[in-house]
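Source file: coords25.pdb; contents: PDB, C-alpha atoms.
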ATOM      1  CA  MET D 218      48.489  -5.602 146.779  1.00  0.00           C
ATOM      2  CA  ASP D 219      45.453  -7.325 148.273  1.00  0.00           C
ATOM      3  CA  LYS D 220      45.444  -9.024 151.657  1.00  0.00           C
ATOM      4  CA  ILE D 221      43.133 -11.762 152.927  1.00  0.00           C
ATOM      5  CA  ALA D 222      43.108 -13.021 156.509  1.00  0.00           C
ATOM      6  CA  ILE D 223      42.221 -16.710 156.745  1.00  0.00           C
ATOM      7  CA  ILE D 224      40.902 -18.103 160.015  1.00  0.00           C
ATOM      8  CA  SER D 225      39.608 -21.545 160.949  1.00  0.00           C
ATOM      9  CA  ASP D 226      38.426 -23.814 163.748  1.00  0.00           C
ATOM     10  CA  ILE D 227      36.782 -21.331 166.091  1.00  0.00           C
ATOM     11  CA  HIS D 228      34.965 -24.030 168.075  1.00  0.00           C
ATOM     12  CA  GLY D 229      32.828 -21.651 170.095  1.00  0.00           C
ATOM     13  CA  ASN D 230      35.766 -19.863 171.751  1.00  0.00           C
ATOM     14  CA  ILE D 231      34.790 -16.188 171.806  1.00  0.00           C
ATOM     15  CA  PRO D 232      37.781 -14.705 173.704  1.00  0.00           C
ATOM     16  CA  ALA D 233      40.087 -16.269 171.110  1.00  0.00           C
ATOM     17  CA  LEU D 234      37.976 -15.124 168.157  1.00  0.00           C
ATOM     18  CA  GLU D 235      37.750 -11.570 169.472  1.00  0.00           C
ATOM     19  CA  ALA D 236      41.527 -11.413 169.970  1.00  0.00           C
ATOM     20  CA  VAL D 237      42.169 -12.604 166.418  1.00  0.00           C
ATOM     21  CA  LEU D 238      39.648 -10.171 164.923  1.00  0.00           C
ATOM     22  CA  ARG D 239      41.334  -7.322 166.816  1.00  0.00           C
ATOM     23  CA  ASP D 240      44.716  -8.366 165.448  1.00  0.00           C
ATOM     24  CA  ILE D 241      43.367  -8.525 161.900  1.00  0.00           C
ATOM     25  CA  LYS D 242      41.826  -5.076 162.263  1.00  0.00           C
ATOM     26  CA  SER D 243      45.110  -3.672 163.622  1.00  0.00           C
ATOM     27  CA  ARG D 244      46.763  -4.736 160.349  1.00  0.00           C
ATOM     28  CA  ASP D 245      44.126  -2.890 158.277  1.00  0.00           C
ATOM     29  CA  ILE D 246      42.949  -6.130 156.652  1.00  0.00           C
ATOM     30  CA  GLU D 247      39.321  -5.859 155.600  1.00  0.00           C
ATOM     31  CA  THR D 248      38.757  -9.246 153.934  1.00  0.00           C
ATOM     32  CA  ILE D 249      38.443 -12.354 156.113  1.00  0.00           C
ATOM     33  CA  TYR D 250      37.791 -15.930 155.010  1.00  0.00           C
ATOM     34  CA  CYS D 251      36.857 -18.681 157.473  1.00  0.00           C
ATOM     35  CA  LEU D 252      37.618 -22.351 156.801  1.00  0.00           C
ATOM     36  CA  GLY D 253      35.007 -23.871 159.069  1.00  0.00           C
ATOM     37  CA  ASP D 254      34.400 -25.544 162.422  1.00  0.00           C
ATOM     38  CA  LEU D 255      32.587 -22.537 163.815  1.00  0.00           C
ATOM     39  CA  ALA D 256      30.788 -24.383 166.607  1.00  0.00           C
ATOM     40  CA  GLY D 257      31.220 -27.248 169.034  1.00  0.00           C
ATOM     41  CA  LYS D 258      33.720 -28.048 171.763  1.00  0.00           C
ATOM     42  CA  GLY D 259      33.566 -24.545 173.292  1.00  0.00           C
ATOM     43  CA  PRO D 260      30.628 -22.950 175.155  1.00  0.00           C
ATOM     44  CA  SER D 261      29.711 -20.141 172.731  1.00  0.00           C
ATOM     45  CA  SER D 262      28.723 -21.803 169.469  1.00  0.00           C
ATOM     46  CA  ALA D 263      25.861 -19.403 168.699  1.00  0.00           C
ATOM     47  CA  ALA D 264      27.949 -16.278 169.326  1.00  0.00           C
ATOM     48  CA  ALA D 265      30.781 -17.695 167.200  1.00  0.00           C
ATOM     49  CA  VAL D 266      28.473 -18.369 164.246  1.00  0.00           C
ATOM     50  CA  ASP D 267      26.970 -14.883 164.520  1.00  0.00           C
ATOM     51  CA  SER D 268      30.389 -13.228 164.632  1.00  0.00           C
ATOM     52  CA  ILE D 269      31.713 -15.204 161.677  1.00  0.00           C
ATOM     53  CA  ARG D 270      28.637 -14.294 159.626  1.00  0.00           C
ATOM     54  CA  GLU D 271      29.200 -10.642 160.467  1.00  0.00           C
ATOM     55  CA  HIS D 272      32.918 -10.424 159.786  1.00  0.00           C
ATOM     56  CA  CYS D 273      33.753 -13.026 157.112  1.00  0.00           C
ATOM     57  CA  GLU D 274      33.257 -12.600 153.387  1.00  0.00           C
ATOM     58  CA  VAL D 275      33.626 -16.336 152.667  1.00  0.00           C
ATOM     59  CA  VAL D 276      32.834 -19.211 155.049  1.00  0.00           C
ATOM     60  CA  ILE D 277      33.667 -22.865 154.315  1.00  0.00           C
ATOM     61  CA  LYS D 278      32.018 -25.905 155.899  1.00  0.00           C
ATOM     62  CA  GLY D 279      34.074 -27.889 158.424  1.00  0.00           C
ATOM     63  CA  ASN D 280      33.577 -31.412 159.705  1.00  0.00           C
ATOM     64  CA  TRP D 281      32.074 -30.131 162.975  1.00  0.00           C
ATOM     65  CA  ASP D 282      29.689 -27.934 160.996  1.00  0.00           C
ATOM     66  CA  TYR D 283      28.621 -31.093 159.178  1.00  0.00           C
ATOM     67  CA  PHE D 284      28.238 -33.034 162.442  1.00  0.00           C
ATOM     68  CA  MET D 285      26.117 -30.254 163.932  1.00  0.00           C
ATOM     69  CA  THR D 286      23.659 -30.335 161.069  1.00  0.00           C
ATOM     70  CA  GLU D 287      23.582 -34.041 160.196  1.00  0.00           C
ATOM     71  CA  ARG D 288      24.034 -35.981 163.447  1.00  0.00           C
ATOM     72  CA  ASN D 289      22.243 -36.231 166.770  1.00  0.00           C
ATOM     73  CA  ASP D 290      25.012 -37.533 169.014  1.00  0.00           C
ATOM     74  CA  GLU D 291      24.548 -36.788 172.707  1.00  0.00           C
ATOM     75  CA  ALA D 292      27.715 -34.659 172.798  1.00  0.00           C
ATOM     76  CA  LEU D 293      26.334 -32.470 169.989  1.00  0.00           C
ATOM     77  CA  ILE D 294      22.803 -31.889 171.239  1.00  0.00           C
ATOM     78  CA  TRP D 295      23.891 -29.347 173.867  1.00  0.00           C
ATOM     79  CA  HIS D 296      25.458 -27.179 171.155  1.00  0.00           C
ATOM     80  CA  GLN D 297      22.625 -27.754 168.671  1.00  0.00           C
ATOM     81  CA  ASP D 298      20.041 -26.569 171.198  1.00  0.00           C
ATOM     82  CA  ARG D 299      21.924 -23.293 171.625  1.00  0.00           C
ATOM     83  CA  LEU D 300      22.521 -22.786 167.917  1.00  0.00           C
ATOM     84  CA  GLY D 301      18.872 -23.009 166.939  1.00  0.00           C
ATOM     85  CA  GLU D 302      17.472 -24.066 163.583  1.00  0.00           C
ATOM     86  CA  GLU D 303      18.243 -20.862 161.644  1.00  0.00           C
ATOM     87  CA  ARG D 304      21.971 -21.058 162.397  1.00  0.00           C
ATOM     88  CA  LEU D 305      22.019 -24.796 161.717  1.00  0.00           C
ATOM     89  CA  GLU D 306      20.400 -24.191 158.341  1.00  0.00           C
ATOM     90  CA  TYR D 307      23.055 -21.575 157.565  1.00  0.00           C
ATOM     91  CA  MET D 308      25.809 -24.066 158.461  1.00  0.00           C
ATOM     92  CA  ARG D 309      24.132 -26.772 156.414  1.00  0.00           C
ATOM     93  CA  GLY D 310      24.401 -24.635 153.281  1.00  0.00           C
ATOM     94  CA  LEU D 311      28.094 -23.758 153.551  1.00  0.00           C
ATOM     95  CA  PRO D 312      30.320 -24.705 150.577  1.00  0.00           C
ATOM     96  CA  LEU D 313      33.198 -27.200 150.810  1.00  0.00           C
ATOM     97  CA  TYR D 314      35.846 -24.990 149.223  1.00  0.00           C
ATOM     98  CA  ALA D 315      36.645 -21.658 147.605  1.00  0.00           C
ATOM     99  CA  GLU D 316      38.936 -21.009 144.623  1.00  0.00           C
ATOM    100  CA  PHE D 317      40.376 -17.883 143.054  1.00  0.00           C
ATOM    101  CA  TYR D 318      43.483 -16.616 141.304  1.00  0.00           C
ATOM    102  CA  MET D 319      45.971 -14.435 143.108  1.00  0.00           C
ATOM    103  CA  SER D 320      49.246 -13.242 141.561  1.00  0.00           C
ATOM    104  CA  GLY D 321      49.125 -15.921 138.873  1.00  0.00           C
ATOM    105  CA  LYS D 322      48.387 -18.826 141.218  1.00  0.00           C
ATOM    106  CA  LEU D 323      45.202 -20.838 141.565  1.00  0.00           C
ATOM    107  CA  ILE D 324      44.458 -20.671 145.285  1.00  0.00           C
ATOM    108  CA  ARG D 325      42.198 -23.288 146.841  1.00  0.00           C
ATOM    109  CA  LEU D 326      40.874 -22.977 150.392  1.00  0.00           C
ATOM    110  CA  CYS D 327      39.057 -25.765 152.219  1.00  0.00           C
ATOM    111  CA  HIS D 328      38.590 -27.224 155.668  1.00  0.00           C
ATOM    112  CA  ALA D 329      40.165 -30.661 155.240  1.00  0.00           C
ATOM    113  CA  SER D 330      40.005 -31.432 151.521  1.00  0.00           C
ATOM    114  CA  PRO D 331      37.973 -29.835 148.706  1.00  0.00           C
ATOM    115  CA  ASN D 332      36.560 -33.125 147.448  1.00  0.00           C
ATOM    116  CA  ASP D 333      36.265 -34.993 150.755  1.00  0.00           C
ATOM    117  CA  LEU D 334      35.432 -33.297 154.047  1.00  0.00           C
ATOM    118  CA  PHE D 335      36.979 -36.193 155.976  1.00  0.00           C
ATOM    119  CA  HIS D 336      40.249 -36.657 154.073  1.00  0.00           C
ATOM    120  CA  ARG D 337      42.697 -35.513 156.753  1.00  0.00           C
ATOM    121  CA  VAL D 338      46.340 -34.720 156.036  1.00  0.00           C
ATOM    122  CA  TYR D 339      49.181 -33.708 158.319  1.00  0.00           C
ATOM    123  CA  LEU D 340      52.667 -32.369 157.670  1.00  0.00           C
ATOM    124  CA  PHE D 341      53.980 -35.941 157.907  1.00  0.00           C
ATOM    125  CA  THR D 342      51.303 -37.460 155.618  1.00  0.00           C
ATOM    126  CA  GLU D 343      52.657 -39.061 152.443  1.00  0.00           C
ATOM    127  CA  ASN D 344      52.796 -36.650 149.525  1.00  0.00           C
ATOM    128  CA  GLU D 345      50.488 -38.859 147.451  1.00  0.00           C
ATOM    129  CA  GLN D 346      47.705 -38.260 149.983  1.00  0.00           C
ATOM    130  CA  ARG D 347      48.509 -34.577 150.357  1.00  0.00           C
ATOM    131  CA  MET D 348      48.336 -34.120 146.584  1.00  0.00           C
ATOM    132  CA  LYS D 349      44.632 -35.018 146.715  1.00  0.00           C
ATOM    133  CA  LEU D 350      44.016 -31.510 148.027  1.00  0.00           C
ATOM    134  CA  PHE D 351      45.357 -30.120 144.721  1.00  0.00           C
ATOM    135  CA  MET D 352      43.287 -32.354 142.415  1.00  0.00           C
ATOM    136  CA  PRO D 353      40.768 -30.733 140.035  1.00  0.00           C
ATOM    137  CA  THR D 354      37.373 -29.860 141.444  1.00  0.00           C
ATOM    138  CA  LYS D 355      33.953 -29.599 139.855  1.00  0.00           C
ATOM    139  CA  THR D 356      34.417 -25.875 139.318  1.00  0.00           C
ATOM    140  CA  SER D 357      38.051 -25.373 138.281  1.00  0.00           C
ATOM    141  CA  LYS D 358      38.832 -28.733 136.614  1.00  0.00           C
ATOM    142  CA  GLU D 359      42.557 -28.063 137.073  1.00  0.00           C
ATOM    143  CA  GLU D 360      45.124 -28.601 139.794  1.00  0.00           C
ATOM    144  CA  ALA D 361      45.582 -25.845 142.344  1.00  0.00           C
ATOM    145  CA  ASP D 362      48.973 -24.198 142.864  1.00  0.00           C
ATOM    146  CA  VAL D 363      48.398 -23.284 146.513  1.00  0.00           C
ATOM    147  CA  VAL D 364      46.107 -24.967 149.042  1.00  0.00           C
ATOM    148  CA  GLY D 365      45.212 -23.524 152.440  1.00  0.00           C
ATOM    149  CA  TYR D 366      43.261 -25.604 154.936  1.00  0.00           C
ATOM    150  CA  GLY D 367      42.313 -25.997 158.604  1.00  0.00           C
ATOM    151  CA  ASP D 368      41.031 -29.136 160.358  1.00  0.00           C
ATOM    152  CA  ILE D 369      44.206 -30.396 162.096  1.00  0.00           C
ATOM    153  CA  HIS D 370      44.706 -27.387 164.421  1.00  0.00           C
ATOM    154  CA  GLY D 371      48.432 -27.204 163.671  1.00  0.00           C
ATOM    155  CA  ALA D 372      49.839 -24.332 161.602  1.00  0.00           C
ATOM    156  CA  HIS D 373      52.526 -24.961 158.990  1.00  0.00           C
ATOM    157  CA  ILE D 374      53.701 -24.115 155.468  1.00  0.00           C
ATOM    158  CA  ASP D 375      55.333 -26.615 153.123  1.00  0.00           C
ATOM    159  CA  ILE D 376      56.428 -26.787 149.486  1.00  0.00           C
ATOM    160  CA  PHE D 377      56.577 -30.108 147.637  1.00  0.00           C
ATOM    161  CA  ASN D 378      56.130 -31.372 144.068  1.00  0.00           C
ATOM    162  CA  GLY D 379      56.117 -27.739 142.938  1.00  0.00           C
ATOM    163  CA  LYS D 380      53.047 -27.028 145.083  1.00  0.00           C
ATOM    164  CA  THR D 381      52.530 -24.951 148.225  1.00  0.00           C
ATOM    165  CA  ILE D 382      50.348 -26.113 151.096  1.00  0.00           C
ATOM    166  CA  PHE D 383      49.654 -24.240 154.294  1.00  0.00           C
ATOM    167  CA  ASN D 384      47.579 -24.915 157.366  1.00  0.00           C
ATOM    168  CA  VAL D 385      46.185 -21.878 159.148  1.00  0.00           C
ATOM    169  CA  GLY D 386      45.997 -23.597 162.550  1.00  0.00           C
ATOM    170  CA  SER D 387      43.116 -22.947 164.920  1.00  0.00           C
ATOM    171  CA  VAL D 388      41.669 -19.792 166.415  1.00  0.00           C
ATOM    172  CA  GLY D 389      39.791 -21.387 169.282  1.00  0.00           C
ATOM    173  CA  ASN D 390      41.325 -24.820 169.848  1.00  0.00           C
ATOM    174  CA  PRO D 391      45.029 -24.782 168.882  1.00  0.00           C
ATOM    175  CA  LEU D 392      46.761 -28.128 169.302  1.00  0.00           C
ATOM    176  CA  ASP D 393      50.375 -27.167 168.629  1.00  0.00           C
ATOM    177  CA  ILE D 394      51.008 -24.282 171.041  1.00  0.00           C
ATOM    178  CA  PRO D 395      48.406 -22.562 173.269  1.00  0.00           C
ATOM    179  CA  GLN D 396      48.051 -19.453 171.117  1.00  0.00           C
ATOM    180  CA  SER D 397      45.467 -18.662 168.450  1.00  0.00           C
ATOM    181  CA  SER D 398      46.670 -18.948 164.880  1.00  0.00           C
ATOM    182  CA  TYR D 399      45.594 -17.624 161.493  1.00  0.00           C
ATOM    183  CA  ALA D 400      47.115 -16.896 158.079  1.00  0.00           C
ATOM    184  CA  ILE D 401      47.471 -13.904 155.787  1.00  0.00           C
ATOM    185  CA  ILE D 402      47.908 -14.184 152.037  1.00  0.00           C
ATOM    186  CA  GLU D 403      48.954 -11.202 149.955  1.00  0.00           C
ATOM    187  CA  GLY D 404      49.037 -10.683 146.218  1.00  0.00           C
ATOM    188  CA  ILE D 405      46.922  -9.334 143.384  1.00  0.00           C
ATOM    189  CA  TYR D 406      43.466 -10.821 143.761  1.00  0.00           C
ATOM    190  CA  GLY D 407      41.921 -12.216 140.579  1.00  0.00           C
ATOM    191  CA  SER D 408      45.107 -11.875 138.534  1.00  0.00           C
ATOM    192  CA  LYS D 409      46.436 -14.766 136.411  1.00  0.00           C
ATOM    193  CA  GLU D 410      49.709 -12.938 135.813  1.00  0.00           C
ATOM    194  CA  GLN D 411      52.699 -13.923 137.920  1.00  0.00           C
ATOM    195  CA  SER D 412      53.598 -11.365 140.580  1.00  0.00           C
ATOM    196  CA  PRO D 413      54.821 -11.370 144.183  1.00  0.00           C
ATOM    197  CA  PHE D 414      52.789 -13.565 146.522  1.00  0.00           C
ATOM    198  CA  THR D 415      53.120 -13.989 150.286  1.00  0.00           C
ATOM    199  CA  ILE D 416      51.825 -16.416 152.907  1.00  0.00           C
ATOM    200  CA  ALA D 417      52.302 -15.536 156.569  1.00  0.00           C
ATOM    201  CA  LEU D 418      51.243 -17.376 159.715  1.00  0.00           C
ATOM    202  CA  VAL D 419      50.269 -15.243 162.697  1.00  0.00           C
ATOM    203  CA  ARG D 420      50.133 -16.220 166.371  1.00  0.00           C
ATOM    204  CA  VAL D 421      47.871 -14.284 168.716  1.00  0.00           C
ATOM    205  CA  LEU D 422      47.875 -14.372 172.506  1.00  0.00           C
ATOM    206  CA  TYR D 423      44.415 -14.418 174.084  1.00  0.00           C
ATOM    207  CA  ASN D 424      43.001 -14.722 177.585  1.00  0.00           C
ATOM    208  CA  ILE D 425      42.827 -18.496 177.994  1.00  0.00           C
ATOM    209  CA  GLU D 426      41.530 -18.293 181.557  1.00  0.00           C
ATOM    210  CA  GLU D 427      38.622 -16.147 180.403  1.00  0.00           C
ATOM    211  CA  ALA D 428      37.728 -18.893 177.932  1.00  0.00           C
ATOM    212  CA  VAL D 429      38.114 -21.468 180.709  1.00  0.00           C
ATOM    213  CA  ASN D 430      35.807 -19.485 182.997  1.00  0.00           C
ATOM    214  CA  GLN D 431      33.179 -19.198 180.271  1.00  0.00           C
ATOM    215  CA  ALA D 432      33.215 -22.977 179.921  1.00  0.00           C
ATOM    216  CA  MET D 433      33.108 -23.516 183.682  1.00  0.00           C
ATOM    217  CA  GLU D 434      29.926 -21.442 183.936  1.00  0.00           C
ATOM    218  CA  THR D 435      28.058 -23.954 181.752  1.00  0.00           C
ATOM    219  CA  ASP D 436      27.042 -27.609 181.891  1.00  0.00           C
ATOM    220  CA  MET D 437      28.530 -28.246 178.428  1.00  0.00           C
ATOM    221  CA  PRO D 438      29.687 -31.788 177.576  1.00  0.00           C
ATOM    222  CA  ASP D 439      33.385 -32.730 177.708  1.00  0.00           C
ATOM    223  CA  LYS D 440      34.091 -29.565 179.653  1.00  0.00           C
ATOM    224  CA  GLN D 441      37.307 -30.681 181.346  1.00  0.00           C
ATOM    225  CA  GLU D 442      38.726 -32.154 178.130  1.00  0.00           C
ATOM    226  CA  TYR D 443      38.136 -28.826 176.390  1.00  0.00           C
ATOM    227  CA  ILE D 444      39.748 -26.853 179.222  1.00  0.00           C
ATOM    228  CA  ASN D 445      42.791 -29.119 179.226  1.00  0.00           C
ATOM    229  CA  GLU D 446      43.237 -28.607 175.493  1.00  0.00           C
ATOM    230  CA  LEU D 447      43.060 -24.823 175.859  1.00  0.00           C
ATOM    231  CA  ARG D 448      45.693 -24.781 178.584  1.00  0.00           C
ATOM    232  CA  THR D 449      48.104 -27.365 177.153  1.00  0.00           C
ATOM    233  CA  ALA D 450      47.419 -27.483 173.384  1.00  0.00           C
ATOM    234  CA  ILE D 451      47.507 -31.277 173.717  1.00  0.00           C
ATOM    235  CA  TYR D 452      44.724 -33.132 171.946  1.00  0.00           C
ATOM    236  CA  ARG D 453      42.502 -35.102 174.305  1.00  0.00           C
ATOM    237  CA  GLY D 454      42.920 -38.254 172.218  1.00  0.00           C
ATOM    238  CA  ARG D 455      46.699 -38.087 171.959  1.00  0.00           C
ATOM    239  CA  LYS D 456      48.487 -41.033 173.504  1.00  0.00           C
ATOM    240  CA  LYS D 457      50.982 -40.257 176.250  1.00  0.00           C
TER     241      LYS D 457
END

File written out as structure tokens:
Amino acid sequence: MDKIAIISDIHGNIPALEAVLRDIKSRDIETIYCLGDLAGKGPSSAAAVDSIREHCEVVIKGNWDYFMTERNDEALIWHQDRLGEERLEYMRGLPLYAEFYMSGKLIRLCHASPNDLFHRVYLFTENEQRMKLFMPTKTSKEEADVVGYGDIHGAHIDIFNGKTIFNVGSVGNPLDIPQSSYAIIEGIYGSKEQSPFTIALVRVLYNIEEAVNQAMETDMPDKQEYINELRTAIYRGRKK
């Protein structure tokens, strides 16, 4: 059986990324896919991009990766200056999705949606909108059986309309509980024949105060909002 670790939403949080990579290594998993949002929010965007490039076999573009390369908002410039043009060019060229067969299922991995980087779905989103993640793409031209995505920073698995959808949560900016999250899928890679297939969600404790201290040592934008999210896992824009 083949195993793939799927991580997402690093957001420049190196203590969290290092903890997750250690956990993956402890499970003897050699293949890692990343579903985007490498940079931004946290203080270590450049180090996060470098680490992802080193450790991940497949990297998908996230909405923050798009913002970093296509916009010049004041809140982004601080991170862009530290990333440098070579890293930004790498992020600019990232694909929007990856597809492959595993144990007889067409697996599709994306950040938010394979055909629309800004189509955001939650566990409570109407099934009609969630089904858009399974629609044919330019490469497969058929509906996926299983979709894994990131973007919303909240890990879950759900089955509906005969399909399976799972969110891997966030490594560096979780907004459900203050622990890093990632997923593991297991099956026979590349096989179109039905066989056992597993999806597991993993929670990893990391040193949040180390990440806080790294942010405090900088003049990064929205510093306190970021720190509050790390400590509470409550999104800065959530209404009380």

(message) I'd like to see the residues matched by the PyMOL selection byres ((chain D and resi 311) around 10) on this file, and ideally I'd get them as a PyMOL selection string.
(response) chain D and resi 253+275-279+282-283+306-310+312-314

(message) Could you tell me, as number ranges by chain, exactly which residues end up selected when the PyMOL selection byres ((chain D and resi 269) around 10) is applied to this structure?
(response) D: 224, 227, 234, 238, 249-251, 253, 255, 264-268, 270-276

Can you spit out the residues from that selection as a short mmCIF file (atom, residue, chain, number, x, y, z; two decimals), in the frame of the given file, using C-alpha atoms?
data_model
loop_
_atom_site.label_atom_id
_atom_site.label_comp_id
_atom_site.auth_asym_id
_atom_site.auth_seq_id
_atom_site.Cartn_x
_atom_site.Cartn_y
_atom_site.Cartn_z
CA ILE D 224 40.90 -18.10 160.01
CA ILE D 227 36.78 -21.33 166.09
CA LEU D 234 37.98 -15.12 168.16
CA LEU D 238 39.65 -10.17 164.92
CA ILE D 249 38.44 -12.35 156.11
CA TYR D 250 37.79 -15.93 155.01
CA CYS D 251 36.86 -18.68 157.47
CA GLY D 253 35.01 -23.87 159.07
CA LEU D 255 32.59 -22.54 163.82
CA ALA D 264 27.95 -16.28 169.33
CA ALA D 265 30.78 -17.70 167.20
CA VAL D 266 28.47 -18.37 164.25
CA ASP D 267 26.97 -14.88 164.52
CA SER D 268 30.39 -13.23 164.63
CA ARG D 270 28.64 -14.29 159.63
CA GLU D 271 29.20 -10.64 160.47
CA HIS D 272 32.92 -10.42 159.79
CA CYS D 273 33.75 -13.03 157.11
CA GLU D 274 33.26 -12.60 153.39
CA VAL D 275 33.63 -16.34 152.67
CA VAL D 276 32.83 -19.21 155.05
#

(message) Evaluate the PyMOL selection byres ((chain D and resi 329) around 9) against this structure - the residues, as a list in words, please.
(response) Leu252, Gly279, Asn280, Leu313, Cys327, His328, Ser330, Pro331, Asn332, Asp333, Leu334, Phe335, His336, Arg337, Val338, Leu350, Tyr366, Gly367, Asp368 and Ile369 of chain D

(request) Compile the contact shell of Gln431 (chain D) as an MDAnalysis selection string: residues with an atom at most 8 Å away, counting only C-alpha atoms, same-chain residues fewer than 4 positions apart removed. (result) chainID D and resid 260 427 435

Selected residues written out, C-alpha atoms, as a PDB file, keeping the file's coordinate frame:
ATOM      1  CA  PRO D 260      30.628 -22.950 175.155  1.00  0.00           C
ATOM      2  CA  GLU D 427      38.622 -16.147 180.403  1.00  0.00           C
ATOM      3  CA  THR D 435      28.058 -23.954 181.752  1.00  0.00           C
TER       4      THR D 435
END

(message) I need the residue nearest Asn344 (chain D) from this list: D:Leu326, D:Ala372, D:Val237, D:Ile382. Use only C-alpha atoms for the distance.
(response) D:Ile382

(message) For a quick check of understanding, using only C-alpha atoms, which of D:Leu293, D:Val388, D:Ala236, D:Thr248 has the smallest distance to Glu403 (chain D)?
(response) D:Thr248

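The two atoms in question, CA of Asp362 (chain D) and CA of Met218 (chain D), are spaced 19.0 Å apart.
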
(message) I want to know what sits within 7 Å of Ala450 (chain D), based on all atoms listed in the file, with residues of the same chain fewer than 4 positions away left out; could you give that as a list in words?
(response) Pro391, Leu392, Asp393, Ile394, Pro395 and Glu446 of chain D

So that I have them on file, write out the residues from the current selection with C-alpha atoms, as a short mmCIF file (atom, residue, chain, number, x, y, z; two decimals), in the frame of the given file.
data_model
loop_
_atom_site.label_atom_id
_atom_site.label_comp_id
_atom_site.auth_asym_id
_atom_site.auth_seq_id
_atom_site.Cartn_x
_atom_site.Cartn_y
_atom_site.Cartn_z
CA PRO D 391 45.03 -24.78 168.88
CA LEU D 392 46.76 -28.13 169.30
CA ASP D 393 50.38 -27.17 168.63
CA ILE D 394 51.01 -24.28 171.04
CA PRO D 395 48.41 -22.56 173.27
CA GLU D 446 43.24 -28.61 175.49
#

Provide an axis-aligned box for all listed atoms of region 231-249 of chain D, padding each side by 3 Å; report its centre and its edge lengths in Å to one decimal, as lines of an AutoDock Vina configuration file.
center_x = 40.8
center_y = -9.6
center_z = 163.8
size_x = 18.0
size_y = 19.4
size_z = 25.8

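For the residues D:Ala263, D:Ile401, D:Ile324, D:Val385, ranking by smallest atom-to-atom distance to Val364 (chain D) using all atoms listed in the file places D:Ile324 first.
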
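Using all atoms listed in the file, the shortest contact distance between Ser262 (chain D) and any of D:Asp226, D:Asp375, D:Glu291, D:Glu360 is found at D:Asp226.
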
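Here CA of Ile294 (chain D) is placed at a distance of 15.9 Å from CA of Asp254 (chain D).
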
(message) Quick one: residues within 9 Å of Val363 (chain D), all atoms listed in the file, excluding same-chain residues fewer than 6 positions away - as a list in words?
(response) Lys322, Leu323, Ile324, Arg325, Leu326, Phe351, Lys380, Thr381, Ile382 and Phe383 of chain D

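In terms of minimum interatomic distance to Pro353 (chain D), D:Glu316 ranks closest within D:Gln297, D:Thr449, D:Glu316, D:Gly454, counting all atoms listed in the file.
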
(request) May I have the residues within 8 Å of region 243-246 of chain D as an MDAnalysis selection string, using all atoms listed in the file and disregarding those fewer than 5 positions away in the same chain? (result) chainID D and resid 220:222

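Atom to atom, CA of Ile451 (chain D) and CA of Ile374 (chain D) stand 20.6 Å apart.
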
Since the input has fewer atoms than a full residue there, write region 336-347 of chain D out with N, CA and C atoms, as a PDB file, keeping the file's coordinate frame.
ATOM      1  N   HIS D 336      38.902 -36.253 154.469  1.00  0.00           N
ATOM      2  CA  HIS D 336      40.249 -36.657 154.073  1.00  0.00           C
ATOM      3  C   HIS D 336      41.241 -35.768 154.817  1.00  0.00           C
ATOM      4  N   ARG D 337      41.862 -36.305 155.842  1.00  0.00           N
ATOM      5  CA  ARG D 337      42.697 -35.513 156.753  1.00  0.00           C
ATOM      6  C   ARG D 337      44.168 -35.723 156.448  1.00  0.00           C
ATOM      7  N   VAL D 338      44.905 -34.625 156.301  1.00  0.00           N
ATOM      8  CA  VAL D 338      46.340 -34.720 156.036  1.00  0.00           C
ATOM      9  C   VAL D 338      47.118 -33.869 157.038  1.00  0.00           C
ATOM     10  N   TYR D 339      48.276 -34.390 157.404  1.00  0.00           N
ATOM     11  CA  TYR D 339      49.181 -33.708 158.319  1.00  0.00           C
ATOM     12  C   TYR D 339      50.485 -33.389 157.589  1.00  0.00           C
ATOM     13  N   LEU D 340      51.375 -32.697 158.266  1.00  0.00           N
ATOM     14  CA  LEU D 340      52.667 -32.369 157.670  1.00  0.00           C
ATOM     15  C   LEU D 340      53.446 -33.636 157.332  1.00  0.00           C
ATOM     16  N   PHE D 341      53.242 -34.696 158.113  1.00  0.00           N
ATOM     17  CA  PHE D 341      53.980 -35.941 157.907  1.00  0.00           C
ATOM     18  C   PHE D 341      53.242 -36.929 157.004  1.00  0.00           C
ATOM     19  N   THR D 342      52.049 -36.581 156.517  1.00  0.00           N
ATOM     20  CA  THR D 342      51.303 -37.460 155.618  1.00  0.00           C
ATOM     21  C   THR D 342      52.043 -37.614 154.293  1.00  0.00           C
ATOM     22  N   GLU D 343      51.988 -38.808 153.713  1.00  0.00           N
ATOM     23  CA  GLU D 343      52.657 -39.061 152.443  1.00  0.00           C
ATOM     24  C   GLU D 343      52.177 -38.072 151.371  1.00  0.00           C
ATOM     25  N   ASN D 344      53.112 -37.658 150.534  1.00  0.00           N
ATOM     26  CA  ASN D 344      52.796 -36.650 149.525  1.00  0.00           C
ATOM     27  C   ASN D 344      51.670 -37.080 148.589  1.00  0.00           C
ATOM     28  N   GLU D 345      51.561 -38.371 148.322  1.00  0.00           N
ATOM     29  CA  GLU D 345      50.488 -38.859 147.451  1.00  0.00           C
ATOM     30  C   GLU D 345      49.114 -38.500 148.021  1.00  0.00           C
ATOM     31  N   GLN D 346      48.968 -38.603 149.337  1.00  0.00           N
ATOM     32  CA  GLN D 346      47.705 -38.260 149.983  1.00  0.00           C
ATOM     33  C   GLN D 346      47.518 -36.752 150.078  1.00  0.00           C
ATOM     34  N   ARG D 347      48.602 -36.032 150.284  1.00  0.00           N
ATOM     35  CA  ARG D 347      48.509 -34.577 150.357  1.00  0.00           C
ATOM     36  C   ARG D 347      48.160 -33.975 148.998  1.00  0.00           C
TER      37      ARG D 347
END
